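A.B. asks: Dropping a structure here in structure tokens format, bear with me for questions.
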Amino acid sequence: MSSLSGIRRLLTRSRAVVAVCLLAAGTADCREAVRSASSWKETWEDASRLLVNDAYRAFTAAGRSPAGATRESRFGEAVMLLNVQPKTGANLDRAQALFLALVKENDSDDLGIMAAYYLGRLEQVHRPEPDLPRALDHFEVLMRKHPGHFFAQMAAVKVCILRLYAVDQLVPPARRLEQAEAMQVFFTLSEAQRDYHLVMADACARLGGTAGRELEHAQAAERAGHLDRSGRADLDLRVAELARGLGQRDRAIDYYRKFLTEYTREARVYLVRQKLRELEAQP
Amino acid sequence: MKRESLLPRIGVTVLLLAFAGSALLIATRIRRVAAPGTVTLRLAHFQLEGGIREAFTTLARRYMDAHPGVVIEQLPIPGVVYGSWLRTQLVGGTAPDIVEFGQLPTEFQDELLARHFVPLTGVLEEPNPYNRGTSLENIPWRETFIDGLDIDYRSSNLKEYYLIPTAMMTERVYYNRTLWRQVLGDTPLPTTFAQFRLIAAQVEAHAKETDRLLVPLAGSVESMQALDRLFASQTQRLHLALDLDRNLIAGNIELAVGWLQGRWSSDSPEFQRGLELENELAGMLTPGFVNLTRGDATFLFLQQRALMIFAGSWDYISLTGQSAFPIGVFSLPVPATDDPVYGASLLGAMSELEQGGRCSFAMNAASAHPELALDFLRFLGSREGNRLFMEKSHWLPALIDIAPPDHLRDFMPVTEGYPRGFDPHFFVNIGTEVRRLWETHLDRLVTPTGGVEAITTLYRDRFGPALREDLARLIARSSVRIIRQDSMLAALTRLRDCSSAAECVRVDTKRSEIFQHQNAREAEAYWVKAELSAATATKASP
């Protein structure tokens with residue numbers, strides 16, 4: 001009943017906010033003052049539901065409180081500044097300054113590592129004019145310093161994507177695929193492995209890789225796990241279709257059956273049943 | 001009394017009466033809401049078709065009987081104002097407890113859902129208590145819906161479920177049984193487009209012979225749905241050929257990049273045959289149908305000046321309630337696979353499962369009675385609730401294991417069918433430019449002076465720029481959504497220090513799924529940008 005407890009929490013908090021605001025005669029910062037006194041958990045909950053402006057106000061209020069900003073609140077403020085509306089250059093510059101300070105203070109704790117990752121993201125996607133080489137620098141430094149950290153692993157996925165499609169456009173696609181293949185050994189965490197192999201399977205299809213290699217990546221992504229429901233369905237069919245095309249009849253049958261077992265009320269079911277029937281009829 | 005002095009008096013009297021009526025309405029409503037010992041739940045929707053308000057009233061009454069002290073108040077709001085009304089109510093904190101989610105711009109939907117509605121992901125994975133004692137008793141609530149809530153119900157950016165559907169919708173050809181017998185005798189219902197063509201020809205011949213004003217099919221601007229359906233039959237095979245990631249669905253991006261890469265064009269045989277079929281069907285519709293409204297078409301059908309009309313299952317009550325003749329329905333037939341002209345491009349009958357449930361409700365996070373609102377939502381989405389709704393609304397059930405009455409059986413979605421192909425404006429829409437190109441110039445295809453060649457000539461020049469513009473916008477919009485996920489991902493990472501195992505799984509799963517989605521969409525966006533640049537460079541080179 002997590003949803004209901006969430007509703008209760010929302011209601012309790014909003015009532016408290018209203019009460020304090022009334023006592024404080026509606027001063028502009030009353031809501032933020034109330035929220036900064038509560039735990040960061042609620043603020044992060046807001047941010048996890050895209051309520052970025054609310055979370056931003058709570059984090060910045062911490063800086064104005066007598067206790068001052070904490071490392072957590074400064075990170076929170078910076079990461080909310082990436083998306084707070086209206087999105088301005090000044091906000092992004094402030095976010096960058098906060099991330100840099102966090103990295104400078106300590107580049108080895110979780111917040112320092114995440115700050116380094118977000119410095120890369122800031123240059124990659126948040127600036128009006130992305131600076132992809134600088135983004136790559138940030139990501140690659142992080143990969144060297146903390147190769148086993150979750151955010152360094154995700155930074156490597158971003159590097160792989162950028163090198164395949166964005167920064168090395170003069171390099172022939174086959175060479176880009178080769179370079180990306182060489183990154184495989186870096187990925188040690190299963191979620192990063194999943195994303196790397198999915199990106200590579202797509203890249204094989206888009207950039208002229210072989211069907212055999214595409215199949216290997218698709219199956220590696222499946223082994224890594226953590227796929228959502230629609231992702232599993234798509235991957236089952238991808239493996240089945242690739243295997244069928246490569247003459248791997250038994251594997252194709254297995255994956256068509258796997259799809260049909262899990263997804264019974266889907267627009268593709270009838271087509272998959274026909275394909276399975278055809279394959280099974282083959283000697 | 002002089003006329004000059006009478007008119008103002010009448011005006012003032014009407015004004016006073018209107019004011020008194022409004023005051024009375026508000027006063028009775030306040031008294032009802034404020035009645036001691038009662039809790040009022042409000043439910044808003046925009047379904048003003050016949051039978052729907054009665055269906056909600058029946059559901060509310062059944063629930064109130066079982067829950068003394070609870071009042072369910074229904075607010076039917078016209079669809080044209082519903083979106084702005086709902087947003088105003090949500091922002092003002094006065095929105096009803098349960099609202100139909102719809103008529104809202106897609107770009108705001110994530111924000112609205114996140115800010116104002118309760119995620120239902122957790123409760124959907126538990127059995128619905130209202131299904132106790134039924135065949136659905138031990139099944140997670142999500143799996144009790146016909147589409148398993150696989151389509152549209154999970155915000156792809158928020159990775160949460162928010163909506164509960166109440167009905168499935170399909171479209172059919174309604175026909176006048178009496179007129180059918182008069183004109184066609186005992187001709188059986190058509191199962192192929194070739195048979196449908198013969199029937200239309202017989203109707204036209206009959207109209208000519210008897211000098212009677214009669215067309216085969218009443219048409220309006222909404223007949224485009226029928227045209228699209230026929231077109232989509234011709235792109236079934238092409239659609240699969242363009243499916244780059246081999247999941248047996250080619251999305252808008254795959255179709256568009258396929259066009260940029262020159263893998264298909266408006267001159268492709270499949271596209272041409274799709275246009276030919278549309279042109280043929282358009283000839284069976286009321287002349288000038290693109291300028292007529294749904295009401296015009298309905299009027300023509302009810303006046304017995306059209307043998308058939310293409311309409312939705314949601315129109316059943318409206319059409320049968322107003323007609324003076326018995327009505328039958330059948331599926332708009334597509335060409336047979338052995339059709340000498342159109343058979344080569346299609347796979348076969350088209351599945352209707354990809355449409356998913358409709359008339360979906362969400363729960364307002366600001367509800368003063370969240371437990372009760374969730375309870376009513378569970379009742380609405382239970383076997384009993386959905387059966388009651390179906391019986392009164394005559395809409396198709398959204399849940400499995402609910403047998404529809406005989407008259408609804410012909411509306412049940414086709415499950416034994418292949419995925420449909422794409423429309424001339426892709427699936428639903430790829431963007432406004434491609435859509436506008438199609439809608440603005442459809443007359444070139446369907447008017448007697450136009451035809452397939454006329455629209456193909458136009459498409460050769462204008463489709464490319466429209467598609468490139470839509471594709472660039474699509475990627476820009478998608479990128480905005482993707483980068484918003486950065487703040488969510490940081491937040492979910494900080495929430496991993498959780499208090500319970502279940503909470504940890506929830507947070508981890510959501511973070512993992514958002515990363516998967518973000519990485520896949522980001523790679524796709526870079527790929528599309530590269531393809532757009534390559535296409536532009538190719539076009540610019542001498």
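Residue numbers start at 1 in each chain; chains themselves are named A, B, ... in the order of the structure tokens; ligands are numbered from 1 in the order shown.
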Using only C-alpha atoms, I'd like every residue of chain A that has an atom within 7 Å of chain B; please write them out as a PDB file with N, CA and C atoms, in the first residue's frame.

C.D. replies:
ATOM      1  N   MET A   1       0.819  -1.202   0.000  1.00  0.00           N
ATOM      2  CA  MET A   1       0.000   0.000   0.000  1.00  0.00           C
ATOM      3  C   MET A   1       0.862   1.266   0.000  1.00  0.00           C
ATOM      4  N   SER A   2       1.980   1.194  -0.758  1.00  0.00           N
ATOM      5  CA  SER A   2       2.875   2.344  -0.763  1.00  0.00           C
ATOM      6  C   SER A   2       2.197   3.588  -1.317  1.00  0.00           C
ATOM      7  N   SER A   3       1.250   3.374  -2.252  1.00  0.00           N
ATOM      8  CA  SER A   3       0.580   4.533  -2.843  1.00  0.00           C
ATOM      9  C   SER A   3      -0.229   5.286  -1.794  1.00  0.00           C
ATOM     10  N   LEU A   4      -0.937   4.507  -0.945  1.00  0.00           N
ATOM     11  CA  LEU A   4      -1.770   5.154   0.061  1.00  0.00           C
ATOM     12  C   LEU A   4      -0.935   5.883   1.091  1.00  0.00           C
ATOM     13  N   ILE A   7       0.041   9.051  -0.306  1.00  0.00           N
ATOM     14  CA  ILE A   7      -1.042  10.055  -0.310  1.00  0.00           C
ATOM     15  C   ILE A   7      -1.147  10.686   1.073  1.00  0.00           C
ATOM     16  N   LYS A  41      14.404  12.992   2.299  1.00  0.00           N
ATOM     17  CA  LYS A  41      13.713  11.891   1.617  1.00  0.00           C
ATOM     18  C   LYS A  41      12.488  12.409   0.848  1.00  0.00           C
ATOM     19  N   TRP A  44      13.578  14.367  -2.184  1.00  0.00           N
ATOM     20  CA  TRP A  44      14.002  13.486  -3.281  1.00  0.00           C
ATOM     21  C   TRP A  44      12.800  12.761  -3.885  1.00  0.00           C
ATOM     22  N   GLU A  45      11.814  12.445  -3.031  1.00  0.00           N
ATOM     23  CA  GLU A  45      10.578  11.821  -3.559  1.00  0.00           C
ATOM     24  C   GLU A  45       9.922  12.754  -4.571  1.00  0.00           C
ATOM     25  N   ALA A  47      11.378  15.043  -6.349  1.00  0.00           N
ATOM     26  CA  ALA A  47      12.213  15.086  -7.559  1.00  0.00           C
ATOM     27  C   ALA A  47      12.040  13.821  -8.376  1.00  0.00           C
ATOM     28  N   SER A  48      11.850  12.695  -7.695  1.00  0.00           N
ATOM     29  CA  SER A  48      11.700  11.428  -8.428  1.00  0.00           C
ATOM     30  C   SER A  48      10.385  11.398  -9.195  1.00  0.00           C
ATOM     31  N   ARG A  49       9.471  12.320  -8.871  1.00  0.00           N
ATOM     32  CA  ARG A  49       8.187  12.394  -9.595  1.00  0.00           C
ATOM     33  C   ARG A  49       8.143  13.633 -10.505  1.00  0.00           C
ATOM     34  N   LEU A  50       9.313  14.114 -10.878  1.00  0.00           N
ATOM     35  CA  LEU A  50       9.441  15.245 -11.805  1.00  0.00           C
ATOM     36  C   LEU A  50       9.015  16.582 -11.206  1.00  0.00           C
ATOM     37  N   LEU A  51       8.811  16.649  -9.897  1.00  0.00           N
ATOM     38  CA  LEU A  51       8.423  17.920  -9.282  1.00  0.00           C
ATOM     39  C   LEU A  51       9.698  18.693  -8.950  1.00  0.00           C
ATOM     40  N   VAL A  79      21.518  19.492  -9.068  1.00  0.00           N
ATOM     41  CA  VAL A  79      20.880  18.551  -9.998  1.00  0.00           C
ATOM     42  C   VAL A  79      19.466  19.033 -10.375  1.00  0.00           C
ATOM     43  N   MET A  80      18.821  19.773  -9.457  1.00  0.00           N
ATOM     44  CA  MET A  80      17.511  20.335  -9.813  1.00  0.00           C
ATOM     45  C   MET A  80      17.680  21.512 -10.776  1.00  0.00           C
ATOM     46  N   ASN A  83      17.146  21.171 -14.500  1.00  0.00           N
ATOM     47  CA  ASN A  83      15.816  21.086 -15.114  1.00  0.00           C
ATOM     48  C   ASN A  83      14.807  22.080 -14.572  1.00  0.00           C
ATOM     49  N   VAL A 125      23.946  17.299 -22.742  1.00  0.00           N
ATOM     50  CA  VAL A 125      22.546  17.510 -23.155  1.00  0.00           C
ATOM     51  C   VAL A 125      21.866  18.761 -22.577  1.00  0.00           C
ATOM     52  N   ILE A 161      27.462   5.528 -26.765  1.00  0.00           N
ATOM     53  CA  ILE A 161      26.433   6.129 -27.633  1.00  0.00           C
ATOM     54  C   ILE A 161      27.029   7.297 -28.431  1.00  0.00           C
ATOM     55  N   TYR A 165      27.398   7.440 -32.603  1.00  0.00           N
ATOM     56  CA  TYR A 165      26.484   8.245 -33.419  1.00  0.00           C
ATOM     57  C   TYR A 165      26.792   9.740 -33.525  1.00  0.00           C
ATOM     58  N   ALA A 166      27.603  10.276 -32.610  1.00  0.00           N
ATOM     59  CA  ALA A 166      27.648  11.743 -32.555  1.00  0.00           C
ATOM     60  C   ALA A 166      29.007  12.378 -32.800  1.00  0.00           C
ATOM     61  N   GLU A 191      23.185  -3.726 -14.886  1.00  0.00           N
ATOM     62  CA  GLU A 191      22.309  -2.757 -15.562  1.00  0.00           C
ATOM     63  C   GLU A 191      23.064  -2.036 -16.693  1.00  0.00           C
ATOM     64  N   ASP A 195      22.298  -2.135 -20.810  1.00  0.00           N
ATOM     65  CA  ASP A 195      22.166  -0.974 -21.692  1.00  0.00           C
ATOM     66  C   ASP A 195      23.223  -0.980 -22.794  1.00  0.00           C
ATOM     67  N   VAL A 199      22.278  -1.080 -26.702  1.00  0.00           N
ATOM     68  CA  VAL A 199      22.791  -0.035 -27.602  1.00  0.00           C
ATOM     69  C   VAL A 199      23.551  -0.678 -28.749  1.00  0.00           C
ATOM     70  N   ASP A 202      21.233  -2.448 -31.316  1.00  0.00           N
ATOM     71  CA  ASP A 202      20.627  -1.436 -32.193  1.00  0.00           C
ATOM     72  C   ASP A 202      21.647  -0.901 -33.186  1.00  0.00           C
ATOM     73  N   ALA A 205      22.177  -3.066 -36.110  1.00  0.00           N
ATOM     74  CA  ALA A 205      21.083  -2.957 -37.086  1.00  0.00           C
ATOM     75  C   ALA A 205      21.177  -1.649 -37.863  1.00  0.00           C
ATOM     76  N   HIS A 226      17.149  -7.215 -15.765  1.00  0.00           N
ATOM     77  CA  HIS A 226      16.644  -5.864 -15.436  1.00  0.00           C
ATOM     78  C   HIS A 226      15.819  -5.249 -16.559  1.00  0.00           C
ATOM     79  N   ASP A 228      12.468  -4.130 -18.540  1.00  0.00           N
ATOM     80  CA  ASP A 228      11.060  -3.907 -18.202  1.00  0.00           C
ATOM     81  C   ASP A 228      10.189  -4.800 -19.097  1.00  0.00           C
ATOM     82  N   ASP A 234      10.028  -7.203 -26.552  1.00  0.00           N
ATOM     83  CA  ASP A 234      10.750  -6.806 -27.768  1.00  0.00           C
ATOM     84  C   ASP A 234      12.008  -7.650 -27.964  1.00  0.00           C
ATOM     85  N   LEU A 237      11.352 -11.255 -29.156  1.00  0.00           N
ATOM     86  CA  LEU A 237      11.046 -11.320 -30.589  1.00  0.00           C
ATOM     87  C   LEU A 237      12.279 -11.018 -31.431  1.00  0.00           C
ATOM     88  N   ARG A 238      13.112 -10.134 -30.929  1.00  0.00           N
ATOM     89  CA  ARG A 238      14.334  -9.810 -31.678  1.00  0.00           C
ATOM     90  C   ARG A 238      15.228 -11.041 -31.783  1.00  0.00           C
ATOM     91  N   GLU A 241      13.575 -13.575 -34.160  1.00  0.00           N
ATOM     92  CA  GLU A 241      13.652 -13.168 -35.562  1.00  0.00           C
ATOM     93  C   GLU A 241      15.076 -13.296 -36.109  1.00  0.00           C
ATOM     94  N   ARG A 265      -2.251 -11.389 -24.677  1.00  0.00           N
ATOM     95  CA  ARG A 265      -3.250 -10.461 -25.243  1.00  0.00           C
ATOM     96  C   ARG A 265      -2.527  -9.274 -25.861  1.00  0.00           C
ATOM     97  N   GLU A 266      -1.879  -9.516 -26.963  1.00  0.00           N
ATOM     98  CA  GLU A 266      -0.995  -8.544 -27.590  1.00  0.00           C
ATOM     99  C   GLU A 266      -1.229  -8.588 -29.088  1.00  0.00           C
ATOM    100  N   ALA A 267      -1.104  -7.445 -29.767  1.00  0.00           N
ATOM    101  CA  ALA A 267      -1.407  -7.394 -31.201  1.00  0.00           C
ATOM    102  C   ALA A 267      -0.464  -8.268 -32.029  1.00  0.00           C
ATOM    103  N   ARG A 268       0.717  -8.620 -31.470  1.00  0.00           N
ATOM    104  CA  ARG A 268       1.685  -9.399 -32.250  1.00  0.00           C
ATOM    105  C   ARG A 268       1.501 -10.909 -32.091  1.00  0.00           C
ATOM    106  N   TYR A 270      -0.825 -13.142 -32.798  1.00  0.00           N
ATOM    107  CA  TYR A 270      -1.286 -13.944 -33.925  1.00  0.00           C
ATOM    108  C   TYR A 270      -0.160 -14.141 -34.944  1.00  0.00           C
ATOM    109  N   LEU A 271       0.552 -13.058 -35.242  1.00  0.00           N
ATOM    110  CA  LEU A 271       1.657 -13.123 -36.202  1.00  0.00           C
ATOM    111  C   LEU A 271       2.746 -14.077 -35.702  1.00  0.00           C
TER     112      LEU A 271
END

A.B. asks: For Leu142 (chain A), please output as a ChimeraX atom specification all residues within 8 Å (counting only C-alpha atoms; exclusion window: fewer than 5 positions along the same chain).

C.D. replies: /A:113,116-117,147,152,155

A.B. asks: Just C-alpha atoms for this one: save the residues we selected as a JSON list (two decimals), in the first residue's frame.

C.D. replies:
[["chain", "number", "residue", "atom", "x", "y", "z"],
["A", 113, "ILE", "CA", 31.11, 10.71, -8.26],
["A", 116, "ALA", "CA", 31.31, 14.31, -11.88],
["A", 117, "TYR", "CA", 28.77, 12.34, -13.93],
["A", 147, "PRO", "CA", 35.50, 2.11, -13.06],
["A", 152, "ALA", "CA", 30.96, 5.51, -14.09],
["A", 155, "ALA", "CA", 28.94, 7.23, -18.10]]

A.B. asks: Please identify all polymer residues within 9 Å of Thr178 (chain B), counting only C-alpha atoms, omitting same-chain residues fewer than 6 positions from it, and present them as a list in words.

C.D. replies: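 Answer for this query is Phe325, Pro326 and Ile327 of chain B.
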
A.B. asks: Could the residues in this selection be saved with N, CA and C atoms as an mmCIF file, in the first residue's frame?

C.D. replies:
data_model
loop_
_atom_site.group_PDB
_atom_site.id
_atom_site.type_symbol
_atom_site.label_atom_id
_atom_site.label_comp_id
_atom_site.auth_asym_id
_atom_site.auth_seq_id
_atom_site.Cartn_x
_atom_site.Cartn_y
_atom_site.Cartn_z
ATOM 1 N N PHE B 325 -35.298 1.998 -37.686
ATOM 2 C CA PHE B 325 -35.116 0.727 -38.409
ATOM 3 C C PHE B 325 -34.092 -0.113 -37.644
ATOM 4 N N PRO B 326 -34.136 -1.434 -37.830
ATOM 5 C CA PRO B 326 -33.145 -2.282 -37.149
ATOM 6 C C PRO B 326 -31.756 -2.098 -37.752
ATOM 7 N N ILE B 327 -30.749 -2.189 -36.873
ATOM 8 C CA ILE B 327 -29.373 -1.929 -37.308
ATOM 9 C C ILE B 327 -28.526 -3.187 -37.099
#

A.B. asks: When you look at Glu384 (chain B) with a cut-off of 12 Å (counting only C-alpha atoms), what residues show up, excluding the ones that are within fewer than 2 positions of it in the same chain? I need them as an mmCIF file with N, CA, C and O atoms, in the first residue's frame.

C.D. replies:
data_model
loop_
_atom_site.group_PDB
_atom_site.id
_atom_site.type_symbol
_atom_site.label_atom_id
_atom_site.label_comp_id
_atom_site.auth_asym_id
_atom_site.auth_seq_id
_atom_site.Cartn_x
_atom_site.Cartn_y
_atom_site.Cartn_z
ATOM 1 N N THR B 58 -25.600 4.315 -12.337
ATOM 2 C CA THR B 58 -25.865 2.958 -11.832
ATOM 3 C C THR B 58 -24.711 2.470 -10.965
ATOM 4 O O THR B 58 -24.919 1.917 -9.882
ATOM 5 N N LEU B 59 -23.498 2.701 -11.455
ATOM 6 C CA LEU B 59 -22.314 2.291 -10.680
ATOM 7 C C LEU B 59 -22.286 3.001 -9.334
ATOM 8 O O LEU B 59 -22.026 2.393 -8.293
ATOM 9 N N ARG B 62 -24.924 1.617 -6.974
ATOM 10 C CA ARG B 62 -24.541 0.310 -6.423
ATOM 11 C C ARG B 62 -23.484 0.480 -5.318
ATOM 12 O O ARG B 62 -23.548 -0.152 -4.274
ATOM 13 N N TYR B 63 -22.541 1.367 -5.571
ATOM 14 C CA TYR B 63 -21.479 1.586 -4.587
ATOM 15 C C TYR B 63 -22.053 2.247 -3.323
ATOM 16 O O TYR B 63 -21.725 1.850 -2.203
ATOM 17 N N ASN B 128 -7.453 -7.219 -7.109
ATOM 18 C CA ASN B 128 -8.471 -6.227 -6.753
ATOM 19 C C ASN B 128 -9.440 -6.875 -5.757
ATOM 20 O O ASN B 128 -10.073 -7.893 -6.078
ATOM 21 N N PRO B 129 -9.579 -6.304 -4.549
ATOM 22 C CA PRO B 129 -10.464 -6.947 -3.548
ATOM 23 C C PRO B 129 -11.901 -7.116 -4.042
ATOM 24 O O PRO B 129 -12.603 -8.013 -3.596
ATOM 25 N N TYR B 130 -12.349 -6.274 -4.948
ATOM 26 C CA TYR B 130 -13.717 -6.391 -5.465
ATOM 27 C C TYR B 130 -13.880 -7.585 -6.413
ATOM 28 O O TYR B 130 -14.991 -7.883 -6.827
ATOM 29 N N ASN B 131 -12.761 -8.230 -6.750
ATOM 30 C CA ASN B 131 -12.871 -9.424 -7.600
ATOM 31 C C ASN B 131 -12.940 -10.704 -6.779
ATOM 32 O O ASN B 131 -12.914 -11.799 -7.341
ATOM 33 N N ARG B 132 -12.988 -10.567 -5.440
ATOM 34 C CA ARG B 132 -13.077 -11.752 -4.582
ATOM 35 C C ARG B 132 -14.319 -12.578 -4.951
ATOM 36 O O ARG B 132 -15.386 -12.016 -5.204
ATOM 37 N N GLY B 133 -14.120 -13.888 -4.983
ATOM 38 C CA GLY B 133 -15.251 -14.772 -5.295
ATOM 39 C C GLY B 133 -15.518 -14.892 -6.787
ATOM 40 O O GLY B 133 -16.502 -15.501 -7.193
ATOM 41 N N THR B 134 -14.678 -14.281 -7.605
ATOM 42 C CA THR B 134 -14.844 -14.395 -9.065
ATOM 43 C C THR B 134 -13.626 -15.112 -9.651
ATOM 44 O O THR B 134 -12.661 -15.396 -8.942
ATOM 45 N N SER B 135 -13.658 -15.335 -10.956
ATOM 46 C CA SER B 135 -12.532 -16.013 -11.605
ATOM 47 C C SER B 135 -11.263 -15.151 -11.593
ATOM 48 O O SER B 135 -10.180 -15.629 -11.891
ATOM 49 N N LEU B 136 -11.410 -13.884 -11.266
ATOM 50 C CA LEU B 136 -10.262 -12.967 -11.290
ATOM 51 C C LEU B 136 -9.671 -12.763 -9.890
ATOM 52 O O LEU B 136 -8.791 -11.919 -9.702
ATOM 53 N N GLU B 137 -10.151 -13.543 -8.937
ATOM 54 C CA GLU B 137 -9.838 -13.333 -7.523
ATOM 55 C C GLU B 137 -8.341 -13.207 -7.224
ATOM 56 O O GLU B 137 -7.922 -12.310 -6.504
ATOM 57 N N THR B 166 -12.023 1.859 -18.671
ATOM 58 C CA THR B 166 -13.341 1.270 -18.394
ATOM 59 C C THR B 166 -13.931 0.554 -19.604
ATOM 60 O O THR B 166 -14.925 -0.138 -19.465
ATOM 61 N N ARG B 378 -11.242 0.981 -7.585
ATOM 62 C CA ARG B 378 -11.159 -0.487 -7.641
ATOM 63 C C ARG B 378 -12.513 -1.092 -8.023
ATOM 64 O O ARG B 378 -12.576 -2.051 -8.780
ATOM 65 N N PHE B 379 -13.574 -0.506 -7.493
ATOM 66 C CA PHE B 379 -14.910 -0.998 -7.836
ATOM 67 C C PHE B 379 -15.187 -0.774 -9.333
ATOM 68 O O PHE B 379 -15.663 -1.652 -10.040
ATOM 69 N N LEU B 380 -14.825 0.427 -9.797
ATOM 70 C CA LEU B 380 -15.003 0.771 -11.214
ATOM 71 C C LEU B 380 -14.255 -0.209 -12.126
ATOM 72 O O LEU B 380 -14.742 -0.594 -13.178
ATOM 73 N N GLY B 381 -13.071 -0.637 -11.669
ATOM 74 C CA GLY B 381 -12.251 -1.547 -12.479
ATOM 75 C C GLY B 381 -12.374 -2.993 -12.065
ATOM 76 O O GLY B 381 -11.480 -3.797 -12.347
ATOM 77 N N SER B 382 -13.457 -3.335 -11.388
ATOM 78 C CA SER B 382 -13.653 -4.735 -10.967
ATOM 79 C C SER B 382 -14.559 -5.445 -11.962
ATOM 80 O O SER B 382 -15.182 -4.817 -12.831
ATOM 81 N N ASN B 386 -17.264 -3.305 -13.930
ATOM 82 C CA ASN B 386 -17.124 -3.195 -15.380
ATOM 83 C C ASN B 386 -18.308 -3.845 -16.099
ATOM 84 O O ASN B 386 -18.743 -3.370 -17.155
ATOM 85 N N ARG B 387 -18.845 -4.926 -15.502
ATOM 86 C CA ARG B 387 -20.015 -5.561 -16.106
ATOM 87 C C ARG B 387 -21.221 -4.605 -16.070
ATOM 88 O O ARG B 387 -21.928 -4.432 -17.057
ATOM 89 N N LEU B 388 -21.405 -3.975 -14.906
ATOM 90 C CA LEU B 388 -22.501 -3.008 -14.781
ATOM 91 C C LEU B 388 -22.343 -1.871 -15.781
ATOM 92 O O LEU B 388 -23.302 -1.445 -16.431
ATOM 93 N N PHE B 389 -21.112 -1.385 -15.882
ATOM 94 C CA PHE B 389 -20.841 -0.278 -16.797
ATOM 95 C C PHE B 389 -21.154 -0.689 -18.231
ATOM 96 O O PHE B 389 -21.774 0.054 -18.987
ATOM 97 N N MET B 390 -20.724 -1.909 -18.585
ATOM 98 C CA MET B 390 -20.972 -2.409 -19.941
ATOM 99 C C MET B 390 -22.480 -2.517 -20.213
ATOM 100 O O MET B 390 -22.962 -2.111 -21.273
ATOM 101 N N GLU B 391 -23.211 -3.050 -19.241
ATOM 102 C CA GLU B 391 -24.651 -3.270 -19.454
ATOM 103 C C GLU B 391 -25.397 -1.956 -19.691
ATOM 104 O O GLU B 391 -26.314 -1.885 -20.489
ATOM 105 N N PRO B 397 -16.504 -4.350 -22.685
ATOM 106 C CA PRO B 397 -15.817 -4.418 -21.393
ATOM 107 C C PRO B 397 -14.313 -4.201 -21.538
ATOM 108 O O PRO B 397 -13.732 -4.517 -22.568
ATOM 109 N N ALA B 398 -13.705 -3.672 -20.488
ATOM 110 C CA ALA B 398 -12.244 -3.494 -20.476
ATOM 111 C C ALA B 398 -11.571 -4.668 -19.795
ATOM 112 O O ALA B 398 -10.356 -4.820 -19.858
ATOM 113 N N LEU B 399 -12.369 -5.510 -19.103
ATOM 114 C CA LEU B 399 -11.807 -6.620 -18.339
ATOM 115 C C LEU B 399 -12.027 -7.955 -19.054
ATOM 116 O O LEU B 399 -12.997 -8.099 -19.813
ATOM 117 N N ILE B 400 -11.136 -8.885 -18.734
ATOM 118 C CA ILE B 400 -11.310 -10.231 -19.271
ATOM 119 C C ILE B 400 -12.443 -10.931 -18.520
ATOM 120 O O ILE B 400 -12.871 -10.463 -17.459
ATOM 121 N N ASP B 401 -12.900 -12.027 -19.082
ATOM 122 C CA ASP B 401 -13.912 -12.858 -18.418
ATOM 123 C C ASP B 401 -15.243 -12.163 -18.191
ATOM 124 O O ASP B 401 -15.963 -12.491 -17.253
ATOM 125 N N ILE B 402 -15.546 -11.165 -18.995
ATOM 126 C CA ILE B 402 -16.890 -10.573 -18.940
ATOM 127 C C ILE B 402 -17.520 -10.839 -20.302
ATOM 128 O O ILE B 402 -17.053 -10.308 -21.319
ATOM 129 N N ALA B 403 -18.534 -11.671 -20.302
ATOM 130 C CA ALA B 403 -19.161 -12.025 -21.587
ATOM 131 C C ALA B 403 -20.051 -10.876 -22.031
ATOM 132 O O ALA B 403 -20.937 -10.452 -21.287
#

A.B. asks: DSSP says alpha helix (DSSP H) for which residues of region 138-280 of chain A? Put them as JSON, numbers by chain?

C.D. replies: {"A": [138, 139, 140, 141, 142, 143, 144, 145, 150, 151, 152, 153, 154, 155, 156, 157, 158, 159, 160, 161, 162, 163, 164, 165, 173, 174, 175, 176, 177, 178, 179, 180, 181, 182, 190, 191, 192, 193, 194, 195, 196, 197, 198, 199, 200, 201, 202, 203, 204, 205, 206, 207, 211, 212, 213, 214, 215, 216, 217, 218, 219, 220, 221, 222, 223, 224, 229, 230, 231, 232, 233, 234, 235, 236, 237, 238, 239, 240, 241, 242, 243, 244, 245, 249, 250, 251, 252, 253, 254, 255, 256, 257, 258, 259, 260, 261, 262, 269, 270, 271, 272, 273, 274, 275, 276, 277, 278, 279, 280]}

A.B. asks: Could you name the residues that touch region 213-220 of chain A at 8 Å or less, counting only C-alpha atoms, but leaving out those on the same chain fewer than 5 positions away, as a list in words?

C.D. replies: Gln193, Arg194, His197, Leu198, Met200, Ala201, Asp202, Cys204, Ala205, Leu235, Arg238, Val239, Leu242 and Ala243 of chain A

A.B. asks: Do a neighbour search on Glu140 (chain A) at 8 Å with only C-alpha atoms, toss out local chain neighbours closer than 2 positions, and write the hits as a count of residues only.

C.D. replies: 9

A.B. asks: What parts of region 277-427 of chain B does DSSP call strand (DSSP E or B)? I'd like the answer as a ChimeraX atom specification.

C.D. replies: /B:285,306-312,327-330,350,357-364,396-397,399,418
